[in-house]
$ cat query04.txt   # compact mmCIF, C-alpha atoms and all ligand atoms
# COMPACT_ATOMS: atom_id res chain seq x y z
CA MET A 1 259.55 50.81 -68.86
CA THR A 2 260.77 52.26 -72.15
CA GLN A 3 261.19 55.90 -72.97
CA HIS A 4 263.40 57.57 -75.54
CA VAL A 5 266.14 60.07 -74.88
CA GLY A 6 268.30 61.94 -77.39
CA GLY A 7 267.57 62.22 -81.08
CA HIS A 8 264.15 61.98 -82.63
CA GLY A 9 264.31 59.66 -85.65
CA ASP A 10 263.11 56.10 -85.75
CA SER A 11 266.26 54.31 -86.80
CA PRO A 12 268.23 52.51 -84.14
CA VAL A 13 271.34 54.07 -82.71
CA GLY A 14 274.47 53.05 -84.52
CA ALA A 15 272.49 51.28 -87.22
CA GLU A 16 274.74 52.41 -90.04
CA ALA A 17 277.89 52.10 -88.04
CA SER A 18 276.97 48.65 -86.81
CA SER A 19 277.53 46.72 -90.00
CA PRO A 20 281.27 46.17 -90.03
CA GLY A 21 281.31 46.60 -93.81
CA ALA A 22 279.30 49.60 -94.98
CA GLY A 23 279.42 51.92 -92.01
CA SER A 24 282.77 50.92 -90.52
CA PRO A 25 284.54 54.02 -89.28
CA PRO A 26 288.33 54.19 -89.45
CA GLY A 27 288.87 52.45 -86.08
CA SER A 28 289.34 48.72 -85.66
CA GLY A 29 286.85 48.04 -82.86
CA GLY A 30 284.70 45.64 -84.91
CA SER A 31 287.50 43.27 -85.86
CA SER A 32 289.22 43.34 -82.49
CA PHE A 33 285.87 42.54 -80.88
CA HIS A 34 285.59 39.48 -83.09
CA THR A 35 289.07 38.20 -82.20
CA MET A 36 288.72 38.75 -78.45
CA TRP A 37 285.26 37.18 -78.37
CA ARG A 38 286.53 34.08 -80.13
CA ASP A 39 289.48 33.73 -77.71
CA LEU A 40 287.37 34.13 -74.57
CA LEU A 41 284.55 31.85 -75.69
CA PRO A 42 285.99 28.42 -74.70
CA ILE A 43 286.99 29.46 -71.16
CA GLY A 44 284.83 27.85 -68.49
CA ARG A 45 282.32 26.44 -70.98
CA ASN A 46 280.45 23.36 -69.81
CA PRO A 47 280.31 21.09 -72.89
CA ALA A 48 277.25 19.29 -71.56
CA SER A 49 275.04 22.39 -71.43
CA GLY A 50 276.92 24.89 -73.59
CA GLY A 51 276.72 27.29 -70.62
CA TYR A 52 279.48 28.85 -68.56
CA ARG A 53 280.75 28.05 -65.07
CA ARG A 54 283.08 30.91 -64.35
CA PHE A 55 282.75 31.11 -60.59
CA ALA A 56 284.75 33.57 -58.54
CA TRP A 57 288.34 32.52 -57.85
CA THR A 58 288.00 29.10 -59.54
CA GLY A 59 290.22 27.94 -62.40
CA ALA A 60 287.85 29.27 -65.08
CA ASP A 61 287.72 32.68 -63.41
CA LEU A 62 291.51 32.73 -63.16
CA ASP A 63 291.77 31.91 -66.87
CA CYS A 64 289.42 34.82 -67.62
CA ARG A 65 291.55 37.05 -65.42
CA ALA A 66 294.69 35.95 -67.24
CA TRP A 67 292.95 36.84 -70.49
CA PHE A 68 292.12 40.33 -69.14
CA LYS A 69 295.75 40.91 -68.09
CA GLU A 70 296.97 39.81 -71.53
CA GLN A 71 294.59 42.25 -73.23
CA ALA A 72 295.75 45.09 -71.01
CA GLU A 73 299.42 44.34 -71.59
CA ALA A 74 299.02 43.80 -75.33
CA ARG A 75 297.70 47.38 -75.51
CA GLY A 76 300.42 48.86 -73.30
CA LEU A 77 297.88 49.76 -70.61
CA GLY A 78 298.82 50.07 -66.94
CA TYR A 79 297.58 46.85 -65.31
CA GLU A 80 296.69 46.53 -61.64
CA VAL A 81 294.57 44.43 -59.31
CA ASP A 82 292.99 46.45 -56.52
CA ARG A 83 292.71 45.41 -52.87
CA ASN A 84 289.36 43.72 -53.56
CA GLY A 85 290.57 41.65 -56.48
CA ASN A 86 289.07 43.81 -59.24
CA GLN A 87 291.28 44.12 -62.33
CA TRP A 88 292.03 47.50 -63.93
CA ALA A 89 293.70 48.50 -67.20
CA TRP A 90 294.69 52.16 -67.36
CA LEU A 91 295.39 54.51 -70.23
CA GLY A 92 296.84 57.65 -68.65
CA ASP A 93 297.68 58.43 -65.05
CA PRO A 94 295.25 56.81 -62.57
CA ALA A 95 296.15 59.47 -59.99
CA ALA A 96 295.20 62.38 -62.27
CA GLY A 97 291.54 62.15 -61.28
CA ASP A 98 288.24 62.58 -63.16
CA ALA A 99 288.89 59.25 -64.92
CA VAL A 100 286.38 57.78 -67.33
CA VAL A 101 285.97 54.08 -66.53
CA THR A 102 284.20 51.36 -68.47
CA GLY A 103 283.98 47.59 -68.05
CA SER A 104 281.83 44.89 -66.47
CA HIS A 105 282.51 41.38 -65.15
CA LEU A 106 283.78 38.02 -66.46
CA ASP A 107 282.26 35.60 -63.93
CA SER A 108 278.99 33.77 -64.60
CA VAL A 109 275.97 32.17 -62.97
CA PRO A 110 275.83 28.34 -63.10
CA ASP A 111 275.52 27.46 -66.79
CA GLY A 112 275.20 31.12 -67.68
CA GLY A 113 275.35 32.65 -71.13
CA ALA A 114 278.41 33.99 -72.89
CA PHE A 115 277.31 37.65 -72.91
CA ASP A 116 276.27 38.63 -69.38
CA GLY A 117 279.43 40.39 -68.24
CA PRO A 118 281.99 39.46 -70.90
CA LEU A 119 280.20 41.52 -73.55
CA GLY A 120 280.93 44.65 -71.50
CA VAL A 121 284.59 43.81 -70.91
CA VAL A 122 285.35 42.75 -74.50
CA SER A 123 283.45 45.77 -75.86
CA SER A 124 285.50 48.05 -73.61
CA PHE A 125 288.81 46.86 -75.06
CA ALA A 126 287.33 46.96 -78.58
CA ALA A 127 286.03 50.51 -78.02
CA LEU A 128 289.52 51.58 -76.96
CA ASP A 129 290.96 49.98 -80.12
CA GLU A 130 288.33 51.81 -82.12
CA LEU A 131 289.22 55.17 -80.59
CA ARG A 132 292.93 54.61 -81.06
CA GLY A 133 292.20 53.73 -84.69
CA ARG A 134 290.30 57.00 -85.00
CA GLY A 135 293.29 58.86 -83.57
CA VAL A 136 291.30 60.23 -80.63
CA ARG A 137 293.37 62.03 -77.98
CA PHE A 138 292.19 61.74 -74.40
CA ALA A 139 292.17 64.65 -71.98
CA LYS A 140 291.28 62.38 -69.06
CA PRO A 141 292.57 59.01 -67.85
CA LEU A 142 290.59 56.09 -69.18
CA ALA A 143 290.29 52.70 -67.50
CA ILE A 144 288.76 49.31 -68.21
CA VAL A 145 287.69 47.25 -65.20
CA ASN A 146 286.73 43.65 -64.54
CA PHE A 147 284.78 43.58 -61.28
CA GLY A 148 285.21 40.35 -59.32
CA ASP A 149 282.35 38.02 -58.41
CA GLU A 150 279.46 40.02 -59.85
CA GLU A 151 277.02 37.12 -60.01
CA GLY A 152 277.56 35.81 -56.51
CA ALA A 153 277.26 32.25 -57.81
CA ARG A 154 279.86 30.86 -55.43
CA PHE A 155 279.41 32.81 -52.18
CA GLY A 156 275.75 33.77 -52.51
CA LEU A 157 276.21 37.55 -52.57
CA ALA A 158 276.20 39.42 -55.90
CA CYS A 159 278.62 42.23 -56.82
CA VAL A 160 281.17 41.38 -54.13
CA GLY A 161 284.05 43.26 -55.82
CA SER A 162 282.13 46.49 -56.31
CA ARG A 163 280.28 46.24 -52.97
CA LEU A 164 283.56 45.92 -51.09
CA THR A 165 285.07 48.82 -53.00
CA ALA A 166 282.04 51.04 -52.37
CA GLY A 167 281.89 50.07 -48.69
CA GLN A 168 278.54 48.33 -49.12
CA LEU A 169 279.99 45.04 -47.87
CA THR A 170 282.01 45.17 -44.66
CA VAL A 171 285.25 43.27 -44.18
CA GLU A 172 283.56 41.20 -41.46
CA GLY A 173 280.65 40.47 -43.82
CA ALA A 174 283.07 39.35 -46.53
CA HIS A 175 284.85 37.06 -44.06
CA ARG A 176 281.53 35.41 -43.22
CA LEU A 177 280.85 34.46 -46.87
CA THR A 178 281.41 30.78 -47.58
CA ASP A 179 280.83 28.60 -50.62
CA GLY A 180 278.96 25.29 -50.74
CA ASP A 181 282.08 23.45 -49.51
CA GLY A 182 282.55 25.77 -46.54
CA VAL A 183 285.51 27.64 -48.11
CA SER A 184 285.45 31.30 -47.06
CA LEU A 185 285.93 34.13 -49.53
CA PRO A 186 289.32 35.19 -48.11
CA ARG A 187 290.59 31.58 -48.23
CA ALA A 188 289.36 31.24 -51.82
CA MET A 189 291.19 34.44 -52.79
CA GLU A 190 294.30 33.19 -51.06
CA ALA A 191 294.11 29.80 -52.77
CA ALA A 192 293.91 31.65 -56.08
CA GLY A 193 297.10 33.54 -55.26
CA TYR A 194 295.51 36.85 -54.15
CA ASP A 195 296.16 38.50 -50.80
CA PRO A 196 292.82 39.00 -49.00
CA ASP A 197 294.28 41.07 -46.15
CA GLY A 198 293.57 44.42 -47.76
CA ILE A 199 289.93 43.89 -48.73
CA GLY A 200 287.52 46.66 -47.81
CA ALA A 201 286.19 50.07 -48.81
CA ASP A 202 288.40 51.92 -51.27
CA PRO A 203 287.09 55.51 -51.35
CA GLU A 204 290.37 56.92 -52.68
CA ARG A 205 290.04 54.78 -55.80
CA LEU A 206 286.44 55.80 -56.41
CA ALA A 207 287.27 59.48 -55.78
CA ARG A 208 289.55 59.40 -58.83
CA ILE A 209 286.70 58.34 -61.11
CA GLY A 210 284.52 60.95 -62.81
CA ALA A 211 282.17 58.53 -64.57
CA PHE A 212 281.61 54.79 -64.92
CA VAL A 213 279.81 53.41 -67.97
CA GLU A 214 278.97 49.69 -68.12
CA LEU A 215 277.87 48.10 -71.38
CA HIS A 216 275.73 44.97 -70.92
CA VAL A 217 273.64 42.59 -72.97
CA GLU A 218 269.96 43.41 -72.49
CA GLN A 219 268.23 40.84 -70.25
CA GLY A 220 264.83 41.30 -71.77
CA ARG A 221 263.30 42.05 -75.17
CA ALA A 222 262.61 45.79 -75.01
CA LEU A 223 265.21 46.60 -77.68
CA ASP A 224 264.09 43.73 -79.87
CA LEU A 225 260.52 44.99 -79.66
CA SER A 226 261.45 48.63 -80.28
CA GLY A 227 263.78 47.71 -83.14
CA ASP A 228 266.81 49.40 -81.59
CA ARG A 229 270.27 47.91 -81.31
CA VAL A 230 271.45 49.89 -78.29
CA GLY A 231 269.70 51.45 -75.30
CA ILE A 232 270.57 53.42 -72.18
CA ALA A 233 269.65 52.25 -68.68
CA SER A 234 267.27 54.40 -66.69
CA ALA A 235 266.87 52.48 -63.43
CA ILE A 236 267.38 49.15 -61.66
CA TRP A 237 264.57 47.67 -59.62
CA PRO A 238 265.18 47.16 -55.90
CA HIS A 239 266.04 43.51 -55.34
CA GLY A 240 267.31 41.05 -52.77
CA ARG A 241 267.91 37.45 -51.72
CA TRP A 242 266.25 35.76 -48.76
CA ARG A 243 267.06 32.32 -47.30
CA PHE A 244 264.14 30.23 -46.02
CA ASP A 245 265.11 27.36 -43.70
CA PHE A 246 262.28 24.89 -43.16
CA ARG A 247 263.22 22.38 -40.43
CA GLY A 248 261.22 19.20 -39.83
CA GLU A 249 262.06 15.64 -38.89
CA ALA A 250 263.94 13.05 -40.94
CA ASN A 251 262.21 9.70 -41.08
CA HIS A 252 261.66 6.63 -43.23
CA ALA A 253 259.84 7.33 -46.52
CA GLY A 254 258.24 3.89 -46.49
CA THR A 255 257.23 3.32 -42.90
CA THR A 256 256.20 6.75 -41.58
CA ARG A 257 252.46 7.33 -41.76
CA LEU A 258 251.51 10.59 -43.51
CA VAL A 259 249.83 11.90 -40.35
CA ASP A 260 253.00 11.32 -38.33
CA ARG A 261 255.29 13.27 -40.65
CA ARG A 262 256.88 16.67 -40.14
CA ASP A 263 257.92 17.08 -43.77
CA PRO A 264 259.48 20.50 -44.55
CA MET A 265 259.22 19.85 -48.29
CA LEU A 266 255.45 20.41 -48.10
CA SER A 267 255.75 23.88 -46.55
CA TYR A 268 258.51 24.72 -48.99
CA ALA A 269 256.43 23.64 -52.00
CA GLU A 270 253.43 25.67 -50.79
CA THR A 271 255.72 28.66 -50.30
CA VAL A 272 256.96 28.44 -53.88
CA LEU A 273 253.35 28.67 -55.07
CA ALA A 274 252.69 31.57 -52.71
CA ALA A 275 255.72 33.40 -54.13
CA ARG A 276 254.29 33.14 -57.61
CA ARG A 277 250.91 34.39 -56.42
CA GLU A 278 252.30 37.35 -54.45
CA ALA A 279 254.55 38.39 -57.34
CA GLU A 280 251.65 38.27 -59.78
CA LEU A 281 249.52 40.40 -57.49
CA ALA A 282 252.21 43.08 -57.21
CA GLY A 283 253.43 43.05 -60.82
CA ALA A 284 256.80 41.97 -59.45
CA VAL A 285 258.97 38.85 -59.75
CA ALA A 286 259.86 36.20 -57.18
CA THR A 287 261.94 33.10 -57.81
CA PHE A 288 263.08 30.12 -55.80
CA GLY A 289 265.98 29.02 -58.04
CA LYS A 290 268.23 27.28 -55.55
CA ILE A 291 267.41 24.66 -52.97
CA ALA A 292 269.36 22.45 -50.56
CA VAL A 293 267.82 19.41 -48.94
CA GLU A 294 269.09 17.36 -46.00
CA PRO A 295 269.73 14.50 -45.81
CA ASN A 296 268.88 14.51 -49.54
CA GLY A 297 267.94 10.86 -49.82
CA VAL A 298 265.23 9.48 -52.11
CA ASN A 299 263.83 7.29 -49.35
CA ALA A 300 264.11 9.74 -46.46
CA ILE A 301 261.71 12.46 -45.41
CA PRO A 302 263.88 15.60 -45.31
CA SER A 303 264.97 17.15 -42.03
CA LEU A 304 265.76 20.48 -43.71
CA VAL A 305 264.72 22.23 -46.88
CA ARG A 306 266.61 25.44 -47.50
CA GLY A 307 265.32 27.56 -50.37
CA TRP A 308 266.69 30.86 -51.62
CA LEU A 309 264.18 33.48 -52.74
CA ASP A 310 265.23 36.14 -55.25
CA SER A 311 262.62 38.89 -55.51
CA ARG A 312 262.53 42.18 -57.40
CA ALA A 313 259.93 44.87 -57.94
CA GLU A 314 259.66 48.28 -59.56
CA ASP A 315 259.51 50.08 -56.21
CA GLN A 316 260.33 49.41 -52.60
CA ALA A 317 256.72 49.27 -51.38
CA SER A 318 255.84 46.55 -53.89
CA LEU A 319 258.93 44.54 -53.02
CA ASP A 320 258.15 44.79 -49.30
CA ALA A 321 254.58 43.67 -49.97
CA VAL A 322 255.72 40.67 -52.04
CA VAL A 323 258.36 39.43 -49.61
CA GLY A 324 256.17 40.15 -46.59
CA GLY A 325 253.30 38.21 -48.18
CA ILE A 326 255.54 35.25 -49.01
CA GLU A 327 256.98 35.12 -45.51
CA LYS A 328 253.52 35.32 -43.92
CA ALA A 329 252.28 32.47 -46.09
CA ALA A 330 255.40 30.41 -45.38
CA ARG A 331 254.94 30.83 -41.62
CA SER A 332 251.36 29.69 -41.78
CA TYR A 333 252.23 26.61 -43.92
CA ALA A 334 255.12 25.78 -41.60
CA GLU A 335 252.88 25.97 -38.56
CA SER A 336 250.28 23.68 -40.09
CA HIS A 337 252.94 21.01 -40.77
CA GLY A 338 254.83 21.35 -37.47
CA ILE A 339 257.84 22.90 -39.16
CA ASP A 340 260.27 25.46 -37.74
CA LEU A 341 260.99 28.31 -40.13
CA ASP A 342 263.82 30.86 -40.18
CA VAL A 343 263.91 33.59 -42.80
CA VAL A 344 267.15 35.52 -43.28
CA ARG A 345 267.67 38.41 -45.71
CA GLU A 346 271.07 37.65 -47.19
CA SER A 347 271.41 40.70 -49.43
CA PHE A 348 269.51 43.73 -50.59
CA THR A 349 270.04 46.45 -53.18
CA PRO A 350 267.72 49.47 -53.13
CA VAL A 351 266.31 51.05 -56.27
CA VAL A 352 268.95 52.63 -58.53
CA GLU A 353 268.07 55.69 -60.56
CA PHE A 354 271.05 56.25 -62.86
CA ASP A 355 272.64 59.71 -62.84
CA HIS A 356 270.33 61.90 -64.95
CA ALA A 357 273.02 64.30 -66.15
CA LEU A 358 275.28 61.47 -67.33
CA ARG A 359 272.36 59.65 -68.92
CA ASP A 360 271.33 62.80 -70.80
CA GLU A 361 274.95 63.31 -71.85
CA LEU A 362 275.04 59.76 -73.28
CA GLY A 363 271.80 60.47 -75.11
CA ARG A 364 273.28 63.65 -76.59
CA ILE A 365 276.52 61.93 -77.60
CA LEU A 366 274.75 59.01 -79.25
CA GLY A 367 272.08 61.16 -80.89
CA LYS A 368 274.39 64.00 -81.91
CA ASP A 369 275.42 63.22 -85.47
CA THR A 370 272.75 60.78 -86.37
CA ASP A 371 269.51 62.24 -85.00
CA LEU A 372 268.65 58.68 -84.00
CA THR A 373 266.71 57.44 -80.99
CA VAL A 374 268.18 55.76 -77.93
CA PRO A 375 265.64 54.00 -75.76
CA ALA A 376 266.02 54.39 -72.00
CA LEU A 377 265.21 51.13 -70.24
CA GLY A 378 264.57 50.07 -66.68
CA THR A 379 265.75 46.62 -65.65
CA GLY A 380 265.22 44.03 -62.96
CA ALA A 381 268.83 42.84 -63.21
CA GLY A 382 271.54 43.90 -60.77
CA HIS A 383 274.87 45.35 -61.94
CA ASP A 384 278.14 46.72 -60.56
CA ALA A 385 277.10 50.05 -62.11
CA GLY A 386 274.11 50.01 -59.78
CA ILE A 387 276.31 49.43 -56.74
CA LEU A 388 278.68 52.26 -57.69
CA SER A 389 275.85 54.65 -58.55
CA GLY A 390 275.57 55.70 -54.90
CA THR A 391 279.15 56.99 -54.96
CA ILE A 392 280.02 58.08 -58.49
CA PRO A 393 278.03 59.04 -61.61
CA THR A 394 277.29 55.83 -63.48
CA ALA A 395 275.45 54.91 -66.66
CA MET A 396 274.76 51.76 -68.65
CA LEU A 397 274.38 50.88 -72.31
CA PHE A 398 272.33 47.83 -73.27
CA VAL A 399 272.84 45.78 -76.43
CA ARG A 400 269.88 44.04 -78.06
CA ASN A 401 269.26 40.41 -77.14
CA PRO A 402 266.84 38.92 -79.69
CA THR A 403 265.36 36.32 -77.34
CA GLY A 404 265.62 38.31 -74.14
CA VAL A 405 266.92 35.13 -72.45
CA SER A 406 269.71 35.59 -69.92
CA HIS A 407 271.41 33.55 -67.18
CA SER A 408 271.10 30.62 -69.57
CA PRO A 409 273.14 29.18 -72.45
CA ALA A 410 270.42 30.56 -74.78
CA GLU A 411 271.49 34.15 -74.05
CA SER A 412 272.43 35.77 -77.35
CA ALA A 413 273.25 38.89 -79.33
CA ALA A 414 273.97 39.25 -83.05
CA GLU A 415 277.54 40.17 -83.92
CA ASP A 416 276.32 43.26 -85.80
CA ASP A 417 274.54 44.42 -82.66
CA CYS A 418 277.63 43.75 -80.56
CA VAL A 419 279.66 45.87 -82.95
CA ALA A 420 276.99 48.58 -82.75
CA GLY A 421 277.48 48.43 -78.98
CA VAL A 422 281.27 48.77 -79.35
CA LEU A 423 280.85 51.82 -81.57
CA ALA A 424 278.27 53.38 -79.25
CA LEU A 425 280.59 52.81 -76.29
CA ALA A 426 283.50 54.27 -78.28
CA ASP A 427 281.42 57.38 -79.04
CA VAL A 428 280.50 57.70 -75.39
CA LEU A 429 284.09 57.32 -74.18
CA GLU A 430 285.29 59.80 -76.79
CA GLY A 431 282.59 62.25 -75.77
CA LEU A 432 283.37 61.93 -72.07
CA ALA A 433 287.16 61.58 -72.07
CA SER A 434 288.48 63.61 -74.95
CA ARG A 435 287.66 66.99 -73.43
C1 LIG A 501 272.77 39.61 -61.68
O1 LIG A 501 272.88 39.43 -62.88
C2 LIG A 501 271.46 39.62 -61.10
O2 LIG A 501 270.64 40.45 -61.51
O3 LIG A 501 271.19 38.76 -60.25
MN MN A 502 273.92 38.33 -64.47
MN MN A 503 276.02 41.06 -65.60
$ encode --input "query04.txt" --output "structure tokens"
Amino acid sequence: MTQHVGGHGDSPVGAEASSPGAGSPPGSGGSSFHTMWRDLLPIGRNPASGGYRRFAWTGADLDCRAWFKEQAEARGLGYEVDRNGNQWAWLGDPAAGDAVVTGSHLDSVPDGGAFDGPLGVVSSFAALDELRGRGVRFAKPLAIVNFGDEEGARFGLACVGSRLTAGQLTVEGAHRLTDGDGVSLPRAMEAAGYDPDGIGADPERLARIGAFVELHVEQGRALDLSGDRVGIASAIWPHGRWRFDFRGEANHAGTTRLVDRRDPMLSYAETVLAARREAELAGAVATFGKIAVEPNGVNAIPSLVRGWLDSRAEDQASLDAVVGGIEKAARSYAESHGIDLDVVRESFTPVVEFDHALRDELGRILGKDTDLTVPALGTGAGHDAGILSGTIPTAMLFVRNPTGVSHSPAESAAEDDCVAGVLALADVLEGLASR
């Protein structure tokens, strides 16, 4: 999955620049990163796990949004919330066109790490500080964005803010989204003080953007293994979410003979094992990470087991084979236990091949003065940059994660590497927006 673009040496990109002491250029990106990171860190943190619960339109998300607005205003940037609830901070005239946009998201998965999303947003503000400190003049408008509900933790669909904007989620589809308590997305937006009436595709907004670059913590160990601090994304695997509803018959756990049971948990459990097998066969991944059981009593045979499958593969054919194989196995297990099975594809994102010209440009910018290498990495993780890549040129920078762990409190990145990411992003924005 790893190839190198730009430069030829073996030192990591931004290695010198990344230590805030020795290589610090005249800008102030490193120290402003530190301050912002510290201020954002307590918001939505679950003290029991150390992970984050920043779910779309909840109090923690609103606190993150307030933080974003403060950062924009403290820098004198033009602040706006678009029709889909995404936040924007503008330097220059948004209407001028050919804008260079950077940013990511601030929401989290249940008990997620601190970096997935926030690293990109904080680094964006820090990169702007860095460029201002360097006295860079911009020929194009520059914007920082916080896309709403990237993880889909509350309503089940990932990248809601960018999907709506790009027209990949219809207004009707958005109205059908509900959380675990039955609250719909529009009602949740309304309760949070946002008007949901205008949600929907926003082509005019996207037409004013010339390039979108998202910086993100790496969700794997490729950079750790290659010894690089920063990489460039090459592609995102096709991926999707499927809901499996196994329906049986509730009955007494003590008095119902095994032969008389229609227990959906058995078919579900066998399906989980089949998912592992099919994924192994195809060199793909398949995960049942969320489950709902009714009536959910210790001493009752379940009437319903609902499991959500997340599956991803390097190419479409492999993904189809994996999901097809899992569904076939599930149907046969269900039949043998007298269980009714419904399988619904809840979301799907096709393979993303990031814009080659922009990717090469990033490689040139980052390799230019230093003759250093920048690994190009594929990833199985979804991103707003992937959603927008069908409409506008997009690119991603990854920052080394020493454990590779993500979507967990153990997600991490060294501060030096984060600063290397800020400086790399600053170089990229300078290269793209100052001429
Ligand atoms: C988002 O992070 C995803 O890949 O599910
Ligand atoms: Mn994520
Ligand atoms: Mn993310």
$ residues_around --input "query04.txt" --residues "Ala192 of chain A" --least-positions-apart "3" --cutoff "7 Å" --atoms "all atoms listed in the file" --output "PDB file with C-alpha atoms, keeping the file's coordinate frame"
ATOM      1  CA  TRP A  57     288.340  32.520 -57.850  1.00  0.00           C
ATOM      2  CA  ALA A 188     289.360  31.240 -51.820  1.00  0.00           C
ATOM      3  CA  MET A 189     291.190  34.440 -52.790  1.00  0.00           C
TER       4      MET A 189
END
$ closest_atom_pairs --input "query04.txt" --of "chain A" --to "ligand MN 503 (chain A)" --cutoff "6 Å" --atoms "all atoms listed in the file" --output "CSV"
residue,atom,partner,partner_atom,distance
A:Asp116,CA,A:MN503,MN,4.5
A:Gly117,CA,A:MN503,MN,4.4
A:His383,CA,A:MN503,MN,5.8
$ residues_near_point --input "query04.txt" --point "(284.0, 46.8, -62.5)" --cutoff "7 Å" --atoms "all atoms listed in the file" --output "PyMOL selection string"
chain A and resi 86+103-105+145-147+162+384
$ write_last_selection --input "query04.txt" --atoms "C-alpha atoms" --output "short mmCIF file (atom, residue, chain, number, x, y, z; two decimals), in the frame of the given file"
data_model
loop_
_atom_site.label_atom_id
_atom_site.label_comp_id
_atom_site.auth_asym_id
_atom_site.auth_seq_id
_atom_site.Cartn_x
_atom_site.Cartn_y
_atom_site.Cartn_z
CA ASN A 86 289.07 43.81 -59.24
CA GLY A 103 283.98 47.59 -68.05
CA SER A 104 281.83 44.89 -66.47
CA HIS A 105 282.51 41.38 -65.15
CA VAL A 145 287.69 47.25 -65.20
CA ASN A 146 286.73 43.65 -64.54
CA PHE A 147 284.78 43.58 -61.28
CA SER A 162 282.13 46.49 -56.31
CA ASP A 384 278.14 46.72 -60.56
#
$ closest_residue --input "query04.txt" --among "A:Gly198, A:Pro238, A:Pro110, A:Gly135" --to "Ser347 of chain A" --atoms "all atoms listed in the file"
A:Pro238
$ residues_around --input "query04.txt" --residues "segment 281-298 of chain A" --least-positions-apart "3" --cutoff "9 Å" --atoms "only C-alpha atoms" --output "JSON, numbers by chain"
{"A": [250, 253, 265, 272, 275, 276, 277, 278, 301, 302, 303, 304, 305, 306, 307, 308, 309, 310, 311, 312, 313, 314, 318, 319, 321, 322, 323, 380]}
$ atom_distance --input "query04.txt" --atom1 "atom CA of Val171 of chain A" --atom2 "atom CA of Ile199 of chain A"
6.6 Å
$ decode --input "query04.txt" --residues "segment 76-89 of chain A" --atoms "C-alpha atoms" --output "PDB file, in the first residue's frame"
ATOM      1  CA  GLY A  76     -10.352  37.871  12.337  1.00  0.00           C
ATOM      2  CA  LEU A  77     -11.573  35.240   9.872  1.00  0.00           C
ATOM      3  CA  GLY A  78     -15.010  35.399   8.264  1.00  0.00           C
ATOM      4  CA  TYR A  79     -17.117  32.837  10.157  1.00  0.00           C
ATOM      5  CA  GLU A  80     -20.163  31.102   8.715  1.00  0.00           C
ATOM      6  CA  VAL A  81     -22.218  27.951   9.138  1.00  0.00           C
ATOM      7  CA  ASP A  82     -23.469  26.543   5.847  1.00  0.00           C
ATOM      8  CA  ARG A  83     -26.945  25.135   5.179  1.00  0.00           C
ATOM      9  CA  ASN A  84     -25.793  21.663   6.242  1.00  0.00           C
ATOM     10  CA  GLY A  85     -24.323  22.741   9.550  1.00  0.00           C
ATOM     11  CA  ASN A  86     -20.658  22.687   8.475  1.00  0.00           C
ATOM     12  CA  GLN A  87     -18.573  25.499   9.966  1.00  0.00           C
ATOM     13  CA  TRP A  88     -16.275  27.653   7.818  1.00  0.00           C
ATOM     14  CA  ALA A  89     -13.609  30.233   8.666  1.00  0.00           C
TER      15      ALA A  89
END
